[in-house]
$ cat input_36.txt   # compact mmCIF, C-alpha atoms and all ligand atoms
# COMPACT_ATOMS: atom_id res chain seq x y z
CA MET A 122 -11.06 16.16 -9.13
CA ASP A 123 -11.17 12.43 -9.65
CA VAL A 124 -8.63 10.38 -7.75
CA GLN A 125 -10.53 7.11 -7.72
CA TRP A 126 -8.68 4.33 -9.51
CA TYR A 127 -7.63 0.75 -8.91
CA PRO A 128 -4.87 -0.41 -11.23
CA GLY A 129 -4.89 -4.00 -12.45
CA HIS A 130 -1.51 -4.90 -10.98
CA MET A 131 -2.93 -4.25 -7.52
CA THR A 132 -5.39 -7.08 -8.03
CA LYS A 133 -2.37 -9.35 -8.49
CA ALA A 134 -0.72 -7.87 -5.41
CA ARG A 135 -3.84 -8.53 -3.42
CA ARG A 136 -4.00 -12.14 -4.57
CA MET A 137 -0.41 -12.63 -3.57
CA MET A 138 -1.12 -11.19 -0.17
CA GLU A 139 -4.08 -13.57 0.20
CA GLU A 140 -1.72 -16.45 -0.46
CA ASN A 141 0.97 -15.26 1.92
CA ILE A 142 -1.38 -14.46 4.73
CA ARG A 143 -2.17 -18.16 5.12
CA LEU A 144 1.41 -18.70 6.21
CA VAL A 145 1.37 -16.28 9.13
CA ASP A 146 -0.11 -15.94 12.60
CA LEU A 147 -0.40 -12.20 12.51
CA VAL A 148 -0.17 -9.12 10.36
CA ILE A 149 1.79 -5.96 11.06
CA GLU A 150 -0.33 -3.30 9.38
CA LEU A 151 1.73 -0.26 8.45
CA VAL A 152 0.04 3.12 8.22
CA ASP A 153 1.52 6.57 7.70
CA ALA A 154 1.51 8.36 11.07
CA ARG A 155 0.61 11.64 9.30
CA ILE A 156 -2.58 10.04 7.97
CA PRO A 157 -3.16 6.94 10.09
CA LEU A 158 -6.80 6.72 9.01
CA SER A 159 -6.54 7.68 5.35
CA SER A 160 -3.64 5.29 4.76
CA ARG A 161 -5.54 2.22 5.97
CA ASN A 162 -6.69 -0.13 3.27
CA PRO A 163 -10.42 -0.85 3.44
CA ASP A 164 -9.90 -4.56 2.74
CA ILE A 165 -7.42 -5.20 5.54
CA ASP A 166 -9.99 -6.47 8.04
CA ALA A 167 -11.33 -9.03 5.61
CA LEU A 168 -7.82 -10.10 4.65
CA CYS A 169 -6.74 -10.48 8.28
CA THR A 170 -9.70 -12.47 9.55
CA GLY A 171 -8.54 -14.83 12.27
CA LYS A 172 -5.05 -13.32 12.44
CA GLY A 173 -3.51 -11.22 15.18
CA ARG A 174 -2.81 -7.63 14.28
CA VAL A 175 -0.45 -4.84 15.22
CA VAL A 176 -0.83 -1.38 13.70
CA LEU A 177 2.45 0.41 13.14
CA LEU A 178 2.28 4.18 12.69
CA CYS A 179 5.37 4.71 10.52
CA LYS A 180 7.11 8.00 9.78
CA ALA A 181 6.13 9.21 13.23
CA ASP A 182 9.18 11.49 13.03
CA LEU A 183 7.31 13.53 10.37
CA ALA A 184 3.93 13.60 12.14
CA ASP A 185 2.54 15.87 14.84
CA PRO A 186 3.53 14.07 18.06
CA ALA A 187 0.39 15.10 19.98
CA LYS A 188 -1.87 13.81 17.21
CA THR A 189 0.14 10.61 16.90
CA GLU A 190 -0.46 10.01 20.58
CA GLU A 191 -4.21 10.58 20.10
CA PHE A 192 -4.37 8.19 17.17
CA THR A 193 -2.37 5.50 18.93
CA GLU A 194 -4.82 5.73 21.80
CA TYR A 195 -7.72 5.61 19.35
CA PHE A 196 -6.51 2.28 17.93
CA ARG A 197 -5.88 0.87 21.39
CA LYS A 198 -9.40 1.77 22.47
CA LYS A 199 -10.63 -0.21 19.50
CA GLY A 200 -8.72 -3.20 20.82
CA ILE A 201 -5.92 -2.97 18.23
CA LEU A 202 -2.34 -2.92 19.44
CA ALA A 203 -0.72 0.17 17.99
CA VAL A 204 2.71 1.73 18.20
CA ALA A 205 4.37 4.73 16.52
CA VAL A 206 7.85 4.35 15.06
CA ASP A 207 10.45 5.85 12.79
CA ALA A 208 10.82 2.78 10.60
CA ARG A 209 14.40 3.74 9.72
CA GLU A 210 15.56 3.23 13.28
CA ARG A 211 16.96 -0.14 14.19
CA ARG A 212 15.08 0.11 17.47
CA ALA A 213 11.79 -0.09 15.55
CA GLY A 214 12.30 -3.80 14.97
CA GLU A 215 12.87 -4.51 18.63
CA VAL A 216 9.88 -2.41 19.77
CA VAL A 217 7.59 -4.12 17.31
CA ARG A 218 8.81 -7.55 18.28
CA ARG A 219 7.41 -6.99 21.76
CA TYR A 220 4.05 -5.99 20.31
CA VAL A 221 4.06 -9.00 18.01
CA GLN A 222 4.57 -11.26 21.01
CA GLU A 223 1.71 -9.52 22.80
CA ALA A 224 -0.57 -9.93 19.78
CA GLY A 225 0.46 -13.56 19.42
CA ARG A 226 -0.11 -14.48 23.04
CA GLU A 227 -3.37 -16.27 22.25
CA LYS A 228 -1.68 -18.27 19.52
CA ILE A 229 1.16 -19.29 21.84
CA ALA A 230 -1.37 -20.42 24.48
CA LYS A 231 -3.22 -22.47 21.86
CA ASP A 232 0.01 -24.08 20.70
CA ARG A 233 0.95 -24.90 24.27
CA ALA A 234 -2.41 -26.56 24.90
CA ARG A 235 -1.67 -28.79 21.91
CA GLY A 236 1.77 -29.60 23.23
CA ILE A 237 3.63 -27.36 20.80
CA VAL A 238 6.26 -25.30 22.55
CA GLY A 239 8.84 -22.93 21.13
CA ARG A 240 7.34 -22.53 17.69
CA PRO A 241 8.12 -19.01 16.50
CA LEU A 242 5.32 -16.59 15.75
CA ARG A 243 5.12 -15.84 12.08
CA ALA A 244 4.22 -12.35 10.94
CA MET A 245 4.00 -10.38 7.74
CA VAL A 246 4.06 -6.70 7.01
CA ALA A 247 1.30 -5.13 4.94
CA GLY A 248 0.50 -1.62 3.85
CA ILE A 249 0.03 0.80 0.99
CA PRO A 250 2.96 1.73 -1.27
CA ASN A 251 5.67 3.99 0.15
CA VAL A 252 4.49 3.67 3.72
CA GLY A 253 7.83 2.21 4.87
CA LYS A 254 7.38 -1.58 4.52
CA SER A 255 10.84 -2.34 3.13
CA THR A 256 12.49 0.12 5.48
CA PHE A 257 10.82 -1.51 8.44
CA ILE A 258 11.72 -5.02 7.29
CA ASN A 259 15.35 -3.87 7.07
CA SER A 260 15.23 -2.44 10.57
CA PHE A 261 13.61 -5.60 11.83
CA ALA A 262 16.28 -7.70 10.26
CA GLY A 263 18.97 -5.34 11.45
CA ARG A 264 20.66 -5.56 8.08
CA ALA A 265 20.01 -4.43 4.53
CA SER A 266 18.27 -7.56 3.38
CA THR A 267 15.43 -5.88 1.54
CA LYS A 268 15.67 -3.35 -1.18
CA THR A 269 14.19 -0.01 -0.18
CA GLY A 270 13.27 2.83 -2.46
CA ASN A 271 10.60 5.23 -3.44
CA LYS A 272 8.78 2.80 -5.71
CA PRO A 273 6.47 -0.04 -4.67
CA GLY A 274 8.66 -3.04 -3.96
CA VAL A 275 9.80 -5.73 -6.32
CA THR A 276 8.96 -9.14 -5.00
CA ARG A 277 11.75 -11.64 -4.54
CA GLY A 278 11.89 -15.24 -3.37
CA LYS A 279 10.11 -16.04 -0.12
CA GLN A 280 12.32 -15.84 2.94
CA TRP A 281 11.79 -15.58 6.65
CA ILE A 282 13.75 -13.23 8.82
CA ARG A 283 14.21 -14.75 12.23
CA LEU A 284 14.61 -12.56 15.25
CA GLY A 285 15.53 -13.77 18.72
CA GLY A 286 14.18 -17.21 17.97
CA ASP A 287 10.58 -16.37 18.78
CA VAL A 288 9.40 -14.20 15.91
CA GLU A 289 9.76 -14.74 12.19
CA LEU A 290 8.94 -12.09 9.65
CA LEU A 291 8.16 -12.82 6.03
CA ASP A 292 10.56 -10.72 3.98
CA THR A 293 7.91 -10.10 1.30
CA PRO A 294 5.49 -7.40 2.35
CA GLY A 295 1.83 -7.40 1.40
CA ILE A 296 1.13 -4.45 -0.84
CA LEU A 297 -2.31 -2.96 -0.50
CA TRP A 298 -3.84 -0.29 -2.64
CA PRO A 299 -5.23 2.78 -0.91
CA LYS A 300 -8.76 2.42 -2.19
CA PHE A 301 -10.88 5.40 -1.28
CA ASP A 302 -14.21 6.84 -2.25
CA ASN A 303 -13.62 10.11 -0.52
CA GLN A 304 -11.68 12.68 -2.57
CA VAL A 305 -10.20 14.35 0.51
CA ILE A 306 -8.58 11.05 1.45
CA GLY A 307 -7.07 11.02 -2.03
CA MET A 308 -5.60 14.47 -1.44
CA ARG A 309 -4.12 13.47 1.91
CA LEU A 310 -2.58 10.39 0.31
CA ALA A 311 -1.03 12.55 -2.40
CA LEU A 312 0.32 15.02 0.15
CA VAL A 313 2.33 12.32 1.93
CA GLY A 314 3.51 10.77 -1.34
CA ALA A 315 1.43 7.61 -1.11
CA ILE A 316 -0.15 8.15 -4.52
CA ARG A 317 1.27 10.02 -7.44
CA ASP A 318 0.04 13.57 -7.62
CA GLU A 319 0.18 13.76 -11.44
CA ILE A 320 -3.41 12.63 -11.42
CA LEU A 321 -4.43 15.60 -9.31
CA ASP A 322 -4.89 19.28 -9.92
CA LYS A 323 -1.86 20.69 -8.11
CA GLN A 324 -3.36 24.09 -7.39
CA GLU A 325 -6.47 22.53 -5.93
CA LEU A 326 -4.31 20.24 -3.80
CA ALA A 327 -2.14 23.14 -2.58
CA VAL A 328 -5.18 25.28 -1.76
CA TRP A 329 -6.68 22.40 0.24
CA LEU A 330 -3.39 22.11 2.14
CA ILE A 331 -3.24 25.86 2.78
CA ASN A 332 -6.79 25.92 4.16
CA TYR A 333 -6.09 22.87 6.30
CA LEU A 334 -2.86 24.31 7.71
CA GLN A 335 -4.45 27.68 8.41
CA ALA A 336 -7.15 25.92 10.43
CA GLU A 337 -5.02 23.30 12.20
CA TYR A 338 -1.56 24.86 12.34
CA PRO A 339 -2.02 28.63 12.21
CA GLY A 340 1.31 30.35 11.69
CA ALA A 341 3.02 27.36 10.04
CA LEU A 342 2.87 28.93 6.56
CA GLN A 343 3.56 32.50 7.66
CA GLY A 344 6.78 31.58 9.41
CA ARG A 345 8.17 29.55 6.56
CA TYR A 346 6.98 31.34 3.44
CA LEU A 347 5.87 34.88 4.23
CA ALA A 348 8.57 36.14 6.58
CA SER A 349 10.12 38.25 3.82
CA GLU A 350 6.90 40.23 3.24
CA ALA A 351 7.26 42.55 6.24
CA SER A 352 10.59 43.95 5.11
CA GLU A 353 9.20 44.66 1.65
CA GLU A 354 6.31 46.59 3.19
CA ASP A 355 8.76 48.57 5.30
CA ALA A 356 10.65 49.49 2.19
CA GLY A 357 7.41 50.97 0.82
CA THR A 358 7.50 49.11 -2.49
CA ALA A 359 4.89 49.27 -5.23
CA ALA A 360 1.10 49.13 -4.91
CA ASP A 361 -0.14 46.37 -2.59
CA PRO A 362 -0.99 43.40 -4.79
CA GLU A 363 -3.15 41.95 -2.04
CA ASP A 364 -5.81 44.56 -2.85
CA GLN A 365 -6.16 42.79 -6.17
CA ASP A 366 -6.47 39.43 -4.37
CA ALA A 367 -9.26 40.59 -2.10
CA MET A 368 -11.92 39.06 -4.32
CA LEU A 369 -10.21 35.67 -4.50
CA PRO A 370 -10.93 32.73 -2.20
CA PRO A 371 -8.58 33.12 0.80
CA GLY A 372 -6.66 29.87 0.19
CA TYR A 373 -5.89 30.81 -3.41
CA ALA A 374 -5.00 34.39 -2.43
CA LEU A 375 -2.52 32.97 0.08
CA LEU A 376 -1.04 30.72 -2.60
CA LEU A 377 -0.39 33.83 -4.73
CA ARG A 378 1.14 35.64 -1.76
CA ILE A 379 3.47 32.71 -1.18
CA ALA A 380 4.44 32.77 -4.87
CA ARG A 381 5.29 36.49 -4.64
CA ALA A 382 7.15 36.14 -1.35
CA ARG A 383 9.25 33.34 -2.85
CA SER A 384 9.73 35.28 -6.12
CA LEU A 385 7.98 32.56 -8.09
CA LEU A 386 6.83 34.85 -10.88
CA MET A 387 5.79 34.38 -14.47
CA LYS A 388 7.27 36.41 -17.34
CA GLY A 389 5.05 39.45 -16.86
CA GLY A 390 5.77 39.49 -13.12
CA GLU A 391 2.50 37.78 -12.16
CA PRO A 392 2.74 35.22 -9.34
CA ASP A 393 3.21 31.69 -10.64
CA ALA A 394 0.54 29.70 -8.79
CA ASP A 395 1.59 26.41 -10.39
CA ARG A 396 5.17 26.60 -9.17
CA ALA A 397 4.10 27.75 -5.73
CA ALA A 398 1.66 24.83 -5.54
CA ALA A 399 4.34 22.33 -6.61
CA MET A 400 6.75 23.73 -4.01
CA LEU A 401 4.19 23.51 -1.20
CA ILE A 402 3.22 19.93 -2.07
CA ASP A 403 6.85 18.86 -2.25
CA ASP A 404 7.66 20.54 1.07
CA CYS A 405 4.69 18.82 2.67
CA LYS A 406 5.67 15.37 1.39
CA ASN A 407 9.21 15.79 2.67
CA GLY A 408 8.33 17.14 6.08
CA ARG A 409 9.75 20.61 5.41
CA ILE A 410 6.65 22.44 6.67
CA GLY A 411 7.25 20.89 10.08
CA ARG A 412 5.77 17.96 11.93
CA ILE A 413 2.16 17.95 10.79
CA SER A 414 -0.63 15.41 10.58
CA LEU A 415 -3.28 15.61 7.90
CA ASP A 416 -5.92 13.36 9.46
CA ARG A 417 -8.05 14.61 12.33
CA LEU A 418 -9.31 12.50 15.16
CA GLN A 419 -12.72 14.18 15.06
CA ASP A 420 -13.25 12.64 11.59
CA ALA A 421 -12.29 9.16 12.75
CA GLU A 422 -15.72 7.64 13.28
CA GLN A 423 -17.12 8.88 10.01
CA MET A 424 -14.02 7.75 8.15
CA GLU A 425 -14.22 4.33 9.76
CA GLU A 426 -17.83 4.02 8.61
CA GLU A 427 -16.81 4.96 5.08
CA ARG A 428 -13.91 2.52 5.19
CA LEU A 429 -16.18 -0.32 6.25
CA ALA A 430 -18.74 0.57 3.60
CA SER A 431 -15.99 0.61 0.99
CA ALA A 432 -14.74 -2.77 2.22
CA ALA A 433 -18.24 -4.24 1.99
CA ALA A 434 -18.65 -2.94 -1.57
CA ARG A 435 -15.25 -4.32 -2.51
CA LYS A 436 -16.12 -7.70 -1.00
CA GLN A 437 -19.23 -7.88 -3.12
CA GLU A 438 -17.27 -6.85 -6.19
CA LYS A 439 -14.68 -9.52 -5.47
CA GLU A 440 -17.30 -12.22 -4.99
CA LYS A 441 -18.72 -11.26 -8.35
CA GLU A 442 -15.25 -11.35 -9.97
CA ASP A 443 -14.55 -14.78 -8.43
CA GLU A 444 -17.88 -16.10 -9.65
CA GLU A 445 -17.13 -14.81 -13.17
CA ALA A 446 -13.67 -16.39 -13.05
CA ARG A 447 -15.18 -19.71 -11.93
CA LYS A 448 -17.69 -19.66 -14.76
CA LYS A 449 -15.03 -18.72 -17.30
CA ALA A 450 -12.72 -21.48 -16.08
CA ALA A 451 -15.54 -24.02 -16.24
CA ARG A 452 -16.42 -22.90 -19.78
CA SER A 453 -12.84 -23.03 -21.03
CA ALA A 454 -12.25 -26.37 -19.30
CA GLY A 455 -15.28 -27.71 -21.12
CA SER A 456 -14.32 -26.36 -24.53
CA SER A 457 -10.63 -27.32 -24.35
CA ARG A 458 -11.55 -30.79 -23.13
CA SER A 459 -13.51 -31.35 -26.27
CA ALA A 460 -10.79 -29.68 -28.38
CA ALA A 461 -8.11 -31.82 -26.71
CA GLY A 462 -10.17 -34.88 -27.40
CA LYS A 463 -10.32 -34.07 -31.10
CA SER A 464 -6.71 -32.95 -31.57
CA SER A 465 -5.11 -35.75 -29.60
CA ALA A 466 -7.08 -38.32 -31.52
CA GLY A 467 -6.09 -36.71 -34.82
CA GLY A 468 -2.51 -36.13 -33.68
CA ARG A 469 -1.78 -39.61 -32.53
CA ARG A 470 -2.89 -41.56 -35.55
CA PRO A 471 -0.42 -40.29 -38.16
CA ALA A 472 2.47 -40.60 -35.68
CA GLY A 473 5.75 -39.01 -36.73
CA LYS A 474 4.25 -37.12 -39.63
CA SER A 475 1.85 -34.77 -38.03
CA GLY A 476 2.45 -31.25 -36.78
CA ASP A 477 1.99 -32.65 -33.33
CA SER A 478 5.38 -34.34 -33.30
CA GLY A 479 6.97 -31.20 -34.72
CA ARG A 480 5.83 -29.20 -31.73
CA ARG A 481 7.69 -31.46 -29.34
CA PRO A 482 11.48 -31.37 -29.20
CA ALA A 483 12.83 -34.40 -31.05
CA GLY A 484 15.20 -36.94 -29.58
CA LYS A 485 13.30 -37.76 -26.42
CA SER A 486 10.56 -40.25 -25.98
CA GLY A 487 7.36 -38.66 -27.06
CA ASP A 488 5.46 -41.31 -25.24
CA SER A 489 6.90 -40.75 -21.84
CA ARG A 490 6.25 -37.08 -22.18
CA ARG A 491 2.75 -37.70 -23.25
CA GLY A 492 2.39 -40.14 -20.37
CA PRO A 493 0.92 -37.94 -17.64
CA ALA A 494 -1.19 -36.06 -20.13
CA GLY A 495 -2.49 -39.33 -21.46
CA LYS A 496 -3.51 -40.45 -18.01
CA ASN A 497 -4.70 -37.20 -16.73
CA GLY A 498 -4.68 -35.04 -19.80
CA ASP A 499 -6.70 -32.01 -18.92
CA SER A 500 -5.71 -31.45 -15.37
CA SER A 501 -1.99 -31.66 -16.04
CA ARG A 502 -2.28 -29.06 -18.73
CA ARG A 503 -4.30 -26.64 -16.68
CA PRO A 504 -3.62 -27.30 -13.01
CA ALA A 505 -4.32 -23.78 -11.86
CA ARG A 506 -7.78 -23.60 -13.31
CA LYS A 507 -9.11 -26.74 -11.76
CA ASP A 508 -9.65 -25.60 -8.22
CA ASN A 509 -9.77 -21.91 -8.90
CA GLY A 510 -8.31 -20.70 -5.68
CA ALA A 511 -8.37 -23.58 -3.26
CA GLY A 512 -5.07 -24.91 -4.54
CA ARG A 513 -3.53 -21.54 -5.25
CA GLY A 514 -1.40 -21.64 -2.15
CA LYS A 515 0.40 -24.66 -3.52
CA SER A 516 1.12 -23.19 -6.88
CA GLY A 517 4.71 -22.02 -6.85
CA SER A 518 4.37 -20.29 -10.18
CA SER A 519 1.59 -18.02 -9.06
CA ARG A 520 3.47 -17.12 -5.91
CA ARG A 521 6.60 -16.26 -7.80
CA ARG A 522 4.76 -13.85 -10.04
CA GLY A 523 6.09 -10.41 -9.31
CA ILE A 524 4.22 -7.13 -9.31
P1 LIG A 601 7.44 0.70 0.91
O1 LIG A 601 7.01 1.01 -0.50
O2 LIG A 601 6.27 0.64 1.84
O3 LIG A 601 8.32 -0.50 1.02
O4 LIG A 601 8.28 1.99 1.44
P2 LIG A 601 9.86 2.14 1.65
O5 LIG A 601 10.32 1.33 2.80
O6 LIG A 601 10.54 1.94 0.33
O7 LIG A 601 9.95 3.68 2.10
C1 LIG A 601 9.58 4.74 1.24
C2 LIG A 601 10.37 6.00 1.60
O8 LIG A 601 10.00 6.44 2.93
C3 LIG A 601 11.87 5.77 1.63
O9 LIG A 601 12.47 6.92 1.08
C4 LIG A 601 12.19 5.63 3.12
O10 LIG A 601 13.49 6.07 3.44
C5 LIG A 601 11.15 6.55 3.75
N1 LIG A 601 10.78 6.11 5.10
C6 LIG A 601 10.33 4.88 5.46
N2 LIG A 601 10.02 4.85 6.76
C7 LIG A 601 10.27 6.09 7.25
C8 LIG A 601 10.12 6.70 8.54
O11 LIG A 601 9.69 6.09 9.53
N3 LIG A 601 10.47 8.02 8.63
C9 LIG A 601 10.91 8.74 7.56
N4 LIG A 601 11.20 10.04 7.75
N5 LIG A 601 11.05 8.20 6.34
C10 LIG A 601 10.75 6.90 6.18

$ encode --input "input_36.txt" --output "structure tokens" --more "lines below"
Ligand code: GDP
Amino acid sequence: MDVQWYPGHMTKARRMMEENIRLVDLVIELVDARIPLSSRNPDIDALCTGKGRVVLLCKADLADPAKTEEFTEYFRKKGILAVAVDARERRAGEVVRRYVQEAGREKIAKDRARGIVGRPLRAMVAGIPNVGKSTFINSFAGRASTKTGNKPGVTRGKQWIRLGGDVELLDTPGILWPKFDNQVIGMRLALVGAIRDEILDKQELAVWLINYLQAEYPGALQGRYLASEASEEDAGTAADPEDQDAMLPPGYALLLRIARARSLLMKGGEPDADRAAAMLIDDCKNGRIGRISLDRLQDAEQMEEERLASAAARKQEKEKEDEEARKKAARSAGSSRSAAGKSSAGGRRPAGKSGDSGRRPAGKSGDSRRGPAGKNGDSSRRPARKDNGAGRGKSGSSRRRGI
């Protein structure tokens, strides 16, 4: 099963986050409380260098409370402020504000030493799609200022949401892609709805879930899906189909049992494993199996190592991409400079007649329009390429680009 992919639009989202992060003192990193390790983006540490950080375990109402407590403690031991919330609750904003102040204490002290008092702390929210960013921003603002939904957000104009005068939150969240090299992480992400499961084999995903639940939450499946079996046995119905399942892997055999118990049958009366798998996955995503967590603390250290390795690989990749982009920009700057030199010389001589004048709207002074280009021809035509990144923060057009 291959769930490793990195769509192009996420590269844009990442660039936008890089731009926005310059404007803030700290980052509120949202993770899904059911998978607080698997839902962390490997690049977040690199992106947040020099910024304060608070980890928010969202959707805590769907997660196993005991495990959420363990994970919160795990982050705290690592020196990261962490708090679990139901992002839909108004209270979430207030709780997080206190943590933001705590995380920003150093920044406030620095400001004070420089004679700056009362400047609000600026924060931004970042996390993978569907983790609850927009919902949290709404709770923080205490009003429906951000559109929420089940699709990764649409970016709007930049705005700050001010709360209590001492904290400001950027209303545009940073969207991070859940990059992962480990296929199990991909399955966990799919089971909480963080990535689309169309790219996965549903039966394989459901069998993984069944095996996990049997090990971590014994009884969870029996109670919900197999309760009807006992009465059928009492009634002494037909030959026991489980004898036929005896040779199958236990997780798959249980999937078939669930299909039978829920009367999910194909035309010939055979259990419909596909429908049973789809039902299980959907129930898991929507919290209908109960409050469960799909990450385990005992895997934390190994997962952290993998996350850091993935981040290092990504950093190298990015450096290579940036280098390529720099070279390409330099090449095209060189070639268009010479092309501009030729065409402007040719275009100016037969003034009025040439195609050049036709390209410009008539009626206004061609000269004044050509003015800045004449003085500073190349750079005015290609401002973004010149500095290749250093000036990106100033470029309104690149910031406004949606994803
Ligand atoms: P975004 O893509 O990160 O902005 O995610 P959204 O804020 O749009 O939330 C995605 C879905 O998760 C929506 O249906 C929200 O109602 C739901 N949601 C967000 N936070 C929570 C939470 O803490 N608990 C529960 N149960 N659902 C949540």

$ residues_near_ligand --input "input_36.txt" --ligand "ligand LIG 601 (chain A)" --cutoff "10 Å" --atoms "only C-alpha atoms and all ligand atoms" --output "NGL selection string"
:A and (151-154 or 177-184 or 205-210 or 213 or 246-260 or 267-275 or 293-297 or 313-315 or 406-408)

$ residues_around --input "input_36.txt" --residues "Ile149 (chain A)" --least-positions-apart "3" --cutoff "6 Å" --atoms "all atoms listed in the file" --output "list in words"
Arg174, Val175, Val176, Met245 and Val246 of chain A

$ atom_distance --input "input_36.txt" --atom1 "CA of Leu147 (chain A)" --atom2 "CA of Thr189 (chain A)"
23.2 Å

$ atom_distance --input "input_36.txt" --atom1 "CA of Phe192 (chain A)" --atom2 "CA of Ile402 (chain A)"
23.8 Å

$ residues_around --input "input_36.txt" --residues "region 374-389 of chain A" --least-positions-apart "4" --cutoff "8 Å" --atoms "all atoms listed in the file" --output "PyMOL selection string"
chain A and resi 327-328+331+346-347+349-350+363+366-367+369-370+393-394+396-398

$ atom_distance --input "input_36.txt" --atom1 "CA of Arg409 (chain A)" --atom2 "CA of Pro371 (chain A)"
22.7 Å

$ closest_residue --input "input_36.txt" --among "A:Gly171, A:Asp185, A:Gly239, A:Gly263" --to "Arg212 (chain A)" --atoms "all atoms listed in the file"
A:Gly263

$ closest_residue --input "input_36.txt" --among "A:Asp164, A:Asp416, A:Glu140, A:Glu227" --to "Met308 (chain A)" --atoms "all atoms listed in the file"
A:Asp416

$ closest_residue --input "input_36.txt" --among "A:Val221, A:Leu429, A:Val288, A:Ile316" --to "Asp302 (chain A)" --atoms "only C-alpha atoms"
A:Leu429

$ residues_around --input "input_36.txt" --residues "Trp329 (chain A)" --least-positions-apart "4" --cutoff "9 Å" --atoms "all atoms listed in the file" --output "JSON, numbers by chain"
{"A": [305, 308, 324, 325, 333, 334, 372]}

$ write_last_selection --input "input_36.txt" --atoms "C-alpha atoms" --output "JSON list (two decimals), in the frame of the given file"
[["chain", "number", "residue", "atom", "x", "y", "z"],
["A", 305, "VAL", "CA", -10.20, 14.35, 0.51],
["A", 308, "MET", "CA", -5.60, 14.47, -1.44],
["A", 324, "GLN", "CA", -3.36, 24.09, -7.39],
["A", 325, "GLU", "CA", -6.47, 22.53, -5.93],
["A", 333, "TYR", "CA", -6.09, 22.87, 6.30],
["A", 334, "LEU", "CA", -2.86, 24.31, 7.71],
["A", 372, "GLY", "CA", -6.66, 29.87, 0.19]]

$ residues_around --input "input_36.txt" --residues "Glu427 (chain A)" --least-positions-apart "5" --cutoff "10 Å" --atoms "only C-alpha atoms" --output "list in words"
Pro163, Phe301, Asp302, Asn303, Ala421, Glu422, Ala432 and Ala433 of chain A

$ build_atoms --input "input_36.txt" --residues "region 217-230 of chain A" --atoms "N, CA and C atoms" --output "tab-separated table (two decimals), keeping the file's coordinate frame"
chain	number	residue	atom	x	y	z
A	217	VAL	N	8.71	-3.41	17.93
A	217	VAL	CA	7.59	-4.12	17.31
A	217	VAL	C	7.57	-5.59	17.69
A	218	ARG	N	8.74	-6.14	17.89
A	218	ARG	CA	8.81	-7.55	18.28
A	218	ARG	C	8.03	-7.79	19.57
A	219	ARG	N	8.15	-6.84	20.49
A	219	ARG	CA	7.41	-6.99	21.76
A	219	ARG	C	5.91	-6.97	21.51
A	220	TYR	N	5.49	-6.08	20.61
A	220	TYR	CA	4.05	-5.99	20.31
A	220	TYR	C	3.56	-7.25	19.58
A	221	VAL	N	4.43	-7.78	18.74
A	221	VAL	CA	4.06	-9.00	18.01
A	221	VAL	C	3.85	-10.14	19.01
A	222	GLN	N	4.71	-10.21	20.00
A	222	GLN	CA	4.57	-11.26	21.01
A	222	GLN	C	3.27	-11.09	21.78
A	223	GLU	N	2.96	-9.83	22.08
A	223	GLU	CA	1.71	-9.52	22.80
A	223	GLU	C	0.51	-9.97	21.94
A	224	ALA	N	0.55	-9.59	20.67
A	224	ALA	CA	-0.57	-9.93	19.78
A	224	ALA	C	-0.67	-11.44	19.56
A	225	GLY	N	0.46	-12.13	19.70
A	225	GLY	CA	0.46	-13.56	19.42
A	225	GLY	C	0.26	-14.42	20.66
A	226	ARG	N	-0.01	-13.75	21.78
A	226	ARG	CA	-0.11	-14.48	23.04
A	226	ARG	C	-1.15	-15.61	22.98
A	227	GLU	N	-2.28	-15.29	22.37
A	227	GLU	CA	-3.37	-16.27	22.25
A	227	GLU	C	-2.90	-17.51	21.47
A	228	LYS	N	-2.17	-17.21	20.39
A	228	LYS	CA	-1.68	-18.27	19.52
A	228	LYS	C	-0.69	-19.18	20.28
A	229	ILE	N	0.17	-18.52	21.07
A	229	ILE	CA	1.16	-19.29	21.84
A	229	ILE	C	0.44	-20.20	22.84
A	230	ALA	N	-0.61	-19.64	23.50
A	230	ALA	CA	-1.37	-20.42	24.48
A	230	ALA	C	-2.03	-21.62	23.80
